[in-house]
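Written out below as structure tokens is the structure these notes cover.
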Amino acid sequence: MKQIILVLLIFASVVFGSYLISGGKAFPLRTVFSEGIYYVCAEDLAPAGVGYIHSNGYHYIVYDNHVLFIKEHETIFDFVEKLSPPIFADGLLFVPIDALKKVMEGYQVYTKGEKVLIYDSLPIVLSAAKEKNGVTITYTGTIVPDMVSVEKSMGKVRINLSPVVVSLPNVSEDIKVELEKNGLSFVVDVGNFYPDVEYSIGDGKLLFRFLLVEGFFGRQEVADGVVFERKIEEFDEGEKTVVNYLIMDPEKVTIKPVVVENGFGTIERLDEMVKRVGGIAGINGNYFDPITKFPIGLVVIDGKPYSAMFSGRPVFAITEDNEVFIGRVIVDVTLMVKDVLFLVKGINTLGEGEVLVYTKEFSKEIPKKDDKIYFVVKDNKVSQIGYKSHAENSEYVVSISKKYEEYLSDLKEGDEVYISLQPNIPLRIKQAVEGGPLLIQNGAPIPDALEEKARYGGGIAYAKAPRTVIATKDGKLWFLVFEGYNHITRGLTYDELVDFLVSRGFEDAMCVDGGSSSVMAVAGSLFGRTENSTAAIPVGIVVWEKKKTEVGE
């Protein structure tokens, strides 16, 4: 019984994560660490050309011109020198490290914690280059995860590589290299924040990425032309608020709305939305009905409307000339069918209307009414006459009241149809989201602030709540998320927002949806999320870094 228990205990201590590195490849080793001695499974040494023969109770480990002869609990090197005894567990032979060092001439053995590395040659580190959000290290040879460790502190990341050849590689600015006994350490200055670190091992490259963590305070350039900062700000005679700033150069980024993956009527977490479309950051967009999950107000993406205006609230827009607009505008959507112009009353809506348009983003079945005429448009031409339950891909379904039947009596497939935006001011809209309330214009409070506040029910303008604000200042576009419902702040009222923005030199500013929807996603992390918030929305506003060729560099 004692023997069985001993075997079970030894087997339970078998360590995985050790490696044999031979011929530029890494092979896993099963090892045991017992009473200060390391043991390696004999069968796992085969990739190095080590022969293992078991016959009549005798064991032979053969490599090159040497042999380990193992009989019962004896290990004998070249039939002459006695070494540490082996261990047997679950029918496997585990050979002590001192014996392997004798027999495997030309290989080096390195122990780290309870793990073992056996290798024919060490990797050579060639260079370490600092990038905006990480470090790239190049090397020759083979590196496995147990050779890498990372230490983090405020403003610093220390990358330890061991064992590697101890020699000085080329390093870029903001990296300090230190020589260790069995390897190298790289100390990287990451700026005023505490990072999370992810890394991957590629062919001759180690890629480290420095990520923002929730709870972070500080400032980081997350991409070319994009800076994120999270700080505690004071306002109104000593009150405090946590503000998340995303500061962007409009010439170096692409910004546009993104709709929920499964269509209107569903919601999606902002960070997952940003990741899905390959963005680097984003904020929540439109107000939406918490029951139906449909957005409220105008949504335009790449010049195409996905939701119509709601009561003339302010709009954040990017024009065809890449200019930023924040302010009031009335945007009608018209549908030109042959030579007849129709005013669209709703897009992707559950409501009624004489002229309605449905795109594939409408997740429900399109309502079928006897008093409506239906047709499908694709590539600006009628592709189908009659009802269709769901639009597909780039097509859209049009529903028009039969009171206009005389204008559509000769409609046929192939007829031209155009949907277009008609703003009441000269504005060539490419991207747009409707929100509100409007806060400031030209660096000053708006003159009709009382009327503006009255547009929003439920005391939205007067309550202290988290807020998402879009603003301009010094030629940059700013997204601001003011946190609330936490131990630092309940949030800000409309008037407090106005005072805050004016005092800090902002020019034009408006809110989008706030409260529990008020969130910002940056580099995979969420900021501003309250305890009861799901951070899930139907429309987000997402930021991408433009390629250098796109901005003329």
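Chain labels follow the order of the structure tokens: the first chain is A, the next B, and so on; residue numbering restarts at 1 in every chain, and ligands are counted from 1 in their shown order.
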
For A:Trp544, list every protein, DNA or RNA residue within 8 Å, evaluated using only C-alpha atoms, and leave out those in the same chain fewer than 3 positions away; present the list as a compact mmCIF listing (two decimals) with N, CA and C atoms, in the first residue's frame.
```
# COMPACT_ATOMS: atom_id res chain seq x y z
N VAL A 253 -7.78 59.71 -38.67
CA VAL A 253 -8.67 58.63 -38.24
C VAL A 253 -9.89 58.57 -39.15
N THR A 254 -10.52 57.42 -39.14
CA THR A 254 -11.83 57.23 -39.75
C THR A 254 -12.83 57.04 -38.62
N ILE A 255 -13.92 57.78 -38.66
CA ILE A 255 -14.93 57.71 -37.61
C ILE A 255 -16.30 57.52 -38.26
N GLY A 278 -12.86 45.75 -36.06
CA GLY A 278 -11.44 46.08 -36.17
C GLY A 278 -11.09 47.50 -35.79
N GLY A 279 -11.93 48.14 -34.95
CA GLY A 279 -11.64 49.50 -34.52
C GLY A 279 -10.64 49.55 -33.38
N ILE A 280 -10.20 50.77 -33.05
CA ILE A 280 -9.28 50.93 -31.92
C ILE A 280 -9.97 51.54 -30.71
N ALA A 281 -11.14 52.17 -30.93
CA ALA A 281 -11.86 52.81 -29.83
C ALA A 281 -13.27 53.12 -30.29
```

| Filtered DSSP result for stretch 372-458 of chain A, state strand (DSSP E), as a ChimeraX atom specification | /A:372-378,381-385,396-401,417-423,429-434,438-441,444-445

Keeping only C-alpha atoms, take the residues you just selected and write them out as a tab-separated table (two decimals), in the first residue's frame.
```tsv
chain	number	residue	atom	x	y	z
A	372	LYS	CA	-49.15	48.96	-48.95
A	373	ILE	CA	-47.20	48.52	-52.17
A	374	TYR	CA	-43.85	46.71	-51.79
A	375	PHE	CA	-40.78	46.48	-53.97
A	376	VAL	CA	-37.10	45.66	-53.51
A	377	VAL	CA	-34.20	47.90	-54.60
A	378	LYS	CA	-30.65	46.73	-55.29
A	381	LYS	CA	-32.69	49.53	-59.49
A	382	VAL	CA	-35.91	47.71	-58.73
A	383	SER	CA	-34.94	44.05	-58.37
A	384	GLN	CA	-38.32	42.64	-57.30
A	385	ILE	CA	-41.93	43.79	-57.39
A	396	TYR	CA	-33.59	47.47	-49.25
A	397	VAL	CA	-37.34	46.93	-49.21
A	398	VAL	CA	-39.69	49.85	-49.83
A	399	SER	CA	-43.23	50.05	-48.45
A	400	ILE	CA	-45.48	52.78	-49.95
A	401	SER	CA	-49.12	53.52	-49.20
A	417	VAL	CA	-34.57	54.24	-57.64
A	418	TYR	CA	-32.42	56.61	-55.58
A	419	ILE	CA	-32.47	57.26	-51.85
A	420	SER	CA	-30.82	60.48	-50.72
A	421	LEU	CA	-30.34	62.85	-47.80
A	422	GLN	CA	-31.74	66.38	-47.96
A	423	PRO	CA	-30.39	68.55	-45.10
A	429	ILE	CA	-23.32	64.19	-44.84
A	430	LYS	CA	-21.24	61.01	-44.97
A	431	GLN	CA	-21.57	59.78	-41.35
A	432	ALA	CA	-24.12	60.94	-38.78
A	433	VAL	CA	-25.66	60.17	-35.41
A	434	GLU	CA	-28.50	62.10	-33.81
A	438	LEU	CA	-26.93	70.47	-27.65
A	439	LEU	CA	-24.54	72.01	-25.09
A	440	ILE	CA	-22.39	74.79	-26.55
A	441	GLN	CA	-21.74	76.48	-29.90
A	444	ALA	CA	-20.48	79.64	-25.49
A	445	PRO	CA	-23.74	78.33	-24.00
```

| Shell of 6 Å around stretch 283-295 of chain A, only C-alpha atoms, local chain residues under 5 positions omitted, as a ChimeraX atom specification | /A:264-266,435,512-513,519-520,539-541

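For the residues A:Lys101, A:Val157, A:Val543, A:Ser516, ranking by smallest atom-to-atom distance to A:Lys275 using only C-alpha atoms places A:Val543 first.
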
| message | Measuring between only C-alpha atoms, which one of A:Lys345, A:Val355, A:Lys464, A:Ala523 shows the shortest distance to A:Arg209? | response |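 Of all the options, A:Ala523 lies closest to A:Arg209.
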
| said: With only C-alpha atoms as the counted atoms, please give the residues lying no more than 9 Å from A:Lys453, apart from itself and same-chain residues fewer than 5 positions off, as a ChimeraX atom specification. | reply: /A:437-438,448,459-462,494

| task | Pull the alpha helix (DSSP H) assignments for stretch 378-468 of chain A out of DSSP run on the backbone, and list those residues as number ranges by chain. | result | A: 449-454

Taking C-alpha atoms for each residue, export the selection above as a compact mmCIF listing (two decimals), in the first residue's frame.
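In the end it all went to result.txt:
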```
# COMPACT_ATOMS: atom_id res chain seq x y z
CA ALA A 449 -30.80 76.39 -23.44
CA LEU A 450 -34.15 76.32 -21.59
CA GLU A 451 -35.99 75.19 -24.72
CA GLU A 452 -33.27 72.66 -25.48
CA LYS A 453 -33.51 71.09 -22.02
CA ALA A 454 -37.29 70.89 -22.37
```

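Closest approach to A:Tyr52 among A:Leu83, A:Glu483, A:Asn442, A:Val95: A:Val95, based on only C-alpha atoms.
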
May I have a table of the residues of stretch 181-288 of chain A lying at most 12 Å from stretch 361-368 of chain A, giving each one's closest pair of atoms and their distance in Å to one decimal, counting only C-alpha atoms, ordered by chain and ascending residue number, as CSV?
```
residue,atom,partner,partner_atom,distance
A:Val258,CA,A:Glu361,CA,10.8
A:Val259,CA,A:Glu361,CA,7.7
A:Val260,CA,A:Glu361,CA,8.1
A:Glu261,CA,A:Glu361,CA,8.3
A:Asn262,CA,A:Ser363,CA,6.7
A:Gly263,CA,A:Glu361,CA,4.3
A:Phe264,CA,A:Phe362,CA,5.3
A:Gly265,CA,A:Ser363,CA,6.0
A:Thr266,CA,A:Ser363,CA,7.7
A:Ile267,CA,A:Ser363,CA,11.1
```

| By how many Å are atom CA of A:Glu173 and atom CA of A:Gly191 apart? |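 Interatomic distance here is 12.9 Å.
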
| request: Between A:Arg455, A:Lys231, A:Lys476, A:His73, single out the one closest to A:Arg219, counting only C-alpha atoms. | output: A:Lys231

| said: Set the distance at 12 Å and use only C-alpha atoms: which residues neighbour A:Ile488 once local chain neighbours fewer than 4 positions away are removed? I'd like the list as JSON, numbers by chain. | reply: {"A": [231, 232, 233, 234, 238, 239, 240, 241, 242, 243, 466, 482, 483, 484, 492]}

Given the selection you just returned, output its residues as a file containing N, CA, C and O atoms, formatted as a PDB file, in the first residue's frame.
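The resulting file, again.pdb, is shown below:
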```
ATOM      1  N   LYS A 231      -8.872  60.857 -16.158  1.00  0.00           N
ATOM      2  CA  LYS A 231      -8.424  61.644 -15.018  1.00  0.00           C
ATOM      3  C   LYS A 231      -9.609  62.077 -14.169  1.00  0.00           C
ATOM      4  O   LYS A 231     -10.758  62.051 -14.613  1.00  0.00           O
ATOM      5  N   ILE A 232      -9.292  62.488 -12.938  1.00  0.00           N
ATOM      6  CA  ILE A 232     -10.295  63.064 -12.044  1.00  0.00           C
ATOM      7  C   ILE A 232     -10.251  64.576 -12.197  1.00  0.00           C
ATOM      8  O   ILE A 232      -9.203  65.199 -12.034  1.00  0.00           O
ATOM      9  N   GLU A 233     -11.378  65.155 -12.564  1.00  0.00           N
ATOM     10  CA  GLU A 233     -11.475  66.589 -12.780  1.00  0.00           C
ATOM     11  C   GLU A 233     -12.344  67.223 -11.688  1.00  0.00           C
ATOM     12  O   GLU A 233     -13.293  66.594 -11.206  1.00  0.00           O
ATOM     13  N   GLU A 234     -12.032  68.449 -11.336  1.00  0.00           N
ATOM     14  CA  GLU A 234     -12.850  69.198 -10.381  1.00  0.00           C
ATOM     15  C   GLU A 234     -13.740  70.184 -11.131  1.00  0.00           C
ATOM     16  O   GLU A 234     -13.371  70.716 -12.179  1.00  0.00           O
ATOM     17  N   GLY A 238     -15.308  72.437  -6.102  1.00  0.00           N
ATOM     18  CA  GLY A 238     -14.781  71.292  -5.369  1.00  0.00           C
ATOM     19  C   GLY A 238     -15.411  69.953  -5.659  1.00  0.00           C
ATOM     20  O   GLY A 238     -14.928  68.921  -5.190  1.00  0.00           O
ATOM     21  N   GLU A 239     -16.498  69.915  -6.434  1.00  0.00           N
ATOM     22  CA  GLU A 239     -17.035  68.607  -6.815  1.00  0.00           C
ATOM     23  C   GLU A 239     -16.061  67.937  -7.783  1.00  0.00           C
ATOM     24  O   GLU A 239     -15.304  68.604  -8.510  1.00  0.00           O
ATOM     25  N   LYS A 240     -16.093  66.598  -7.802  1.00  0.00           N
ATOM     26  CA  LYS A 240     -15.163  65.844  -8.643  1.00  0.00           C
ATOM     27  C   LYS A 240     -15.926  64.922  -9.578  1.00  0.00           C
ATOM     28  O   LYS A 240     -17.024  64.462  -9.277  1.00  0.00           O
ATOM     29  N   THR A 241     -15.310  64.667 -10.708  1.00  0.00           N
ATOM     30  CA  THR A 241     -15.866  63.714 -11.670  1.00  0.00           C
ATOM     31  C   THR A 241     -14.722  62.998 -12.375  1.00  0.00           C
ATOM     32  O   THR A 241     -13.632  63.552 -12.523  1.00  0.00           O
ATOM     33  N   VAL A 242     -14.959  61.779 -12.779  1.00  0.00           N
ATOM     34  CA  VAL A 242     -13.982  61.021 -13.569  1.00  0.00           C
ATOM     35  C   VAL A 242     -14.343  61.210 -15.037  1.00  0.00           C
ATOM     36  O   VAL A 242     -15.470  60.937 -15.451  1.00  0.00           O
ATOM     37  N   VAL A 243     -13.372  61.693 -15.819  1.00  0.00           N
ATOM     38  CA  VAL A 243     -13.608  61.949 -17.239  1.00  0.00           C
ATOM     39  C   VAL A 243     -12.664  61.090 -18.076  1.00  0.00           C
ATOM     40  O   VAL A 243     -11.463  61.045 -17.823  1.00  0.00           O
ATOM     41  N   PRO A 466     -24.242  59.899 -15.630  1.00  0.00           N
ATOM     42  CA  PRO A 466     -23.124  59.740 -16.560  1.00  0.00           C
ATOM     43  C   PRO A 466     -23.488  60.348 -17.914  1.00  0.00           C
ATOM     44  O   PRO A 466     -24.651  60.303 -18.331  1.00  0.00           O
ATOM     45  N   PHE A 482     -18.206  61.130 -19.103  1.00  0.00           N
ATOM     46  CA  PHE A 482     -18.206  61.537 -17.711  1.00  0.00           C
ATOM     47  C   PHE A 482     -18.845  60.410 -16.903  1.00  0.00           C
ATOM     48  O   PHE A 482     -20.007  60.074 -17.119  1.00  0.00           O
ATOM     49  N   GLU A 483     -18.089  59.841 -15.985  1.00  0.00           N
ATOM     50  CA  GLU A 483     -18.595  58.720 -15.220  1.00  0.00           C
ATOM     51  C   GLU A 483     -19.559  59.201 -14.136  1.00  0.00           C
ATOM     52  O   GLU A 483     -19.566  60.370 -13.747  1.00  0.00           O
ATOM     53  N   GLY A 484     -20.350  58.278 -13.632  1.00  0.00           N
ATOM     54  CA  GLY A 484     -21.305  58.592 -12.578  1.00  0.00           C
ATOM     55  C   GLY A 484     -21.758  57.340 -11.875  1.00  0.00           C
ATOM     56  O   GLY A 484     -21.311  56.229 -12.179  1.00  0.00           O
ATOM     57  N   LEU A 492     -23.049  64.506 -13.952  1.00  0.00           N
ATOM     58  CA  LEU A 492     -23.230  65.938 -14.122  1.00  0.00           C
ATOM     59  C   LEU A 492     -24.604  66.249 -14.695  1.00  0.00           C
ATOM     60  O   LEU A 492     -25.155  65.459 -15.472  1.00  0.00           O
TER      61      LEU A 492
END
```

| field | Residues near A:Val226, cut-off 9 Å, only C-alpha atoms, skip fewer than 2 positions along chain, as a list in words | value | Gln220, Glu221, Val222, Ala223, Asp224, Phe228, Leu246, Ile247, Met248, Asp249, Lys252, Val253 and Glu545 of chain A
